[in-house]
Amino acid sequence: MNIKKGDLVLIRKGKDRGKTGKIIKAFPKEHKVLIDGLNLVKKTKKPRKEGEKGEIISVAQPIPRANVALICPSCKKPTKINYRIEEEKKFRICKKCGLKIP
Ligand SMILES: [Zn+2]
């Protein structure tokens, strides 16, 4: 998977389509990413004590990698990623502006 924690991405599918957010966790095996504050699903939190009310909380759910596009930090556009190898190090390169993506 060519995107990782800390990357800014654009959501291309689903109810949050068009929104951008930062990846807070990547799941390379599942090809999914968790984005801060997006793809929220409401869940009921059970009361801990008797007499307490259950709370409805919003929890971010992971999104398939295929549904998001990386936003290049240099040109600020959603882009695809190329790789370049320099001095045995692999860098991610923006396909639009050709600059390195940290
Ligand atoms: Zn770029």
# chains A, B, ... in the order shown; residues from 1 in each chain; ligands from 1
>>> residues_around(residues="range 65-80 of chain A", least_positions_apart="2", cutoff="6 Å", atoms="only C-alpha atoms", output="number ranges by chain")
A: 8-13, 31-32, 95
>>> write_last_selection(atoms="N, CA, C and O atoms", output="PDB file, in the first residue's frame")
ATOM      1  N   LEU A   8      -2.483  13.136   3.783  1.00  0.00           N
ATOM      2  CA  LEU A   8      -3.761  13.789   3.563  1.00  0.00           C
ATOM      3  C   LEU A   8      -4.410  13.134   2.336  1.00  0.00           C
ATOM      4  O   LEU A   8      -3.758  12.982   1.305  1.00  0.00           O
ATOM      5  N   VAL A   9      -5.661  12.739   2.483  1.00  0.00           N
ATOM      6  CA  VAL A   9      -6.319  12.068   1.359  1.00  0.00           C
ATOM      7  C   VAL A   9      -7.688  12.675   1.065  1.00  0.00           C
ATOM      8  O   VAL A   9      -8.307  13.307   1.916  1.00  0.00           O
ATOM      9  N   LEU A  10      -8.137  12.451  -0.162  1.00  0.00           N
ATOM     10  CA  LEU A  10      -9.453  12.877  -0.611  1.00  0.00           C
ATOM     11  C   LEU A  10     -10.316  11.624  -0.742  1.00  0.00           C
ATOM     12  O   LEU A  10      -9.893  10.633  -1.335  1.00  0.00           O
ATOM     13  N   ILE A  11     -11.508  11.698  -0.212  1.00  0.00           N
ATOM     14  CA  ILE A  11     -12.421  10.561  -0.332  1.00  0.00           C
ATOM     15  C   ILE A  11     -13.172  10.663  -1.657  1.00  0.00           C
ATOM     16  O   ILE A  11     -13.729  11.710  -1.980  1.00  0.00           O
ATOM     17  N   ARG A  12     -13.151   9.584  -2.415  1.00  0.00           N
ATOM     18  CA  ARG A  12     -13.739   9.616  -3.757  1.00  0.00           C
ATOM     19  C   ARG A  12     -15.061   8.882  -3.847  1.00  0.00           C
ATOM     20  O   ARG A  12     -15.741   8.962  -4.857  1.00  0.00           O
ATOM     21  N   LYS A  13     -15.395   8.126  -2.834  1.00  0.00           N
ATOM     22  CA  LYS A  13     -16.631   7.342  -2.887  1.00  0.00           C
ATOM     23  C   LYS A  13     -17.333   7.372  -1.542  1.00  0.00           C
ATOM     24  O   LYS A  13     -16.687   7.575  -0.513  1.00  0.00           O
ATOM     25  N   HIS A  31      -5.955  -3.429   3.215  1.00  0.00           N
ATOM     26  CA  HIS A  31      -6.007  -2.351   2.220  1.00  0.00           C
ATOM     27  C   HIS A  31      -7.033  -1.297   2.604  1.00  0.00           C
ATOM     28  O   HIS A  31      -7.879  -0.897   1.807  1.00  0.00           O
ATOM     29  N   LYS A  32      -6.964  -0.896   3.874  1.00  0.00           N
ATOM     30  CA  LYS A  32      -7.891   0.112   4.364  1.00  0.00           C
ATOM     31  C   LYS A  32      -7.145   1.173   5.152  1.00  0.00           C
ATOM     32  O   LYS A  32      -6.055   0.927   5.662  1.00  0.00           O
ATOM     33  N   LYS A  95       2.583  12.094  -9.335  1.00  0.00           N
ATOM     34  CA  LYS A  95       2.503  11.973 -10.800  1.00  0.00           C
ATOM     35  C   LYS A  95       2.163  13.294 -11.463  1.00  0.00           C
ATOM     36  O   LYS A  95       2.382  13.466 -12.656  1.00  0.00           O
TER      37      LYS A  95
END
>>> closest_residue(among="A:Lys22, A:Lys5, A:Arg84, A:Arg48", to="Ile35 in chain A", atoms="only C-alpha atoms")
A:Lys22
>>> residues_around(residues="Leu40 in chain A", least_positions_apart="5", cutoff="8 Å", atoms="only C-alpha atoms", output="list in words")
Ser58, Val59, Ala60 and Gln61 of chain A
>>> residues_around(residues="Lys45 in chain A", least_positions_apart="6", cutoff="6 Å", atoms="only C-alpha atoms", output="MDAnalysis selection string")
chainID A and resid 54:56
>>> write_last_selection(atoms="all heavy atoms", output="PDB file, in the first residue's frame")
ATOM      1  N   GLY A  54     -27.739   5.417  27.866  1.00  0.00           N
ATOM      2  CA  GLY A  54     -26.780   5.025  26.833  1.00  0.00           C
ATOM      3  C   GLY A  54     -26.452   6.242  25.994  1.00  0.00           C
ATOM      4  O   GLY A  54     -27.295   7.088  25.752  1.00  0.00           O
ATOM      5  N   GLU A  55     -25.209   6.312  25.551  1.00  0.00           N
ATOM      6  CA  GLU A  55     -24.773   7.468  24.786  1.00  0.00           C
ATOM      7  C   GLU A  55     -24.626   7.079  23.324  1.00  0.00           C
ATOM      8  O   GLU A  55     -24.201   5.975  23.020  1.00  0.00           O
ATOM      9  CB  GLU A  55     -23.377   7.849  25.281  1.00  0.00           C
ATOM     10  CG  GLU A  55     -23.259   9.212  25.886  1.00  0.00           C
ATOM     11  CD  GLU A  55     -21.816   9.442  26.293  1.00  0.00           C
ATOM     12  OE1 GLU A  55     -21.312   8.715  27.174  1.00  0.00           O
ATOM     13  OE2 GLU A  55     -21.204  10.325  25.690  1.00  0.00           O
ATOM     14  N   ILE A  56     -24.948   8.015  22.427  1.00  0.00           N
ATOM     15  CA  ILE A  56     -24.690   7.749  21.009  1.00  0.00           C
ATOM     16  C   ILE A  56     -23.392   8.451  20.641  1.00  0.00           C
ATOM     17  O   ILE A  56     -23.247   9.654  20.819  1.00  0.00           O
ATOM     18  CB  ILE A  56     -25.864   8.210  20.123  1.00  0.00           C
ATOM     19  CG1 ILE A  56     -27.099   7.343  20.449  1.00  0.00           C
ATOM     20  CG2 ILE A  56     -25.510   8.066  18.633  1.00  0.00           C
ATOM     21  CD1 ILE A  56     -28.380   7.849  19.837  1.00  0.00           C
TER      22      ILE A  56
END
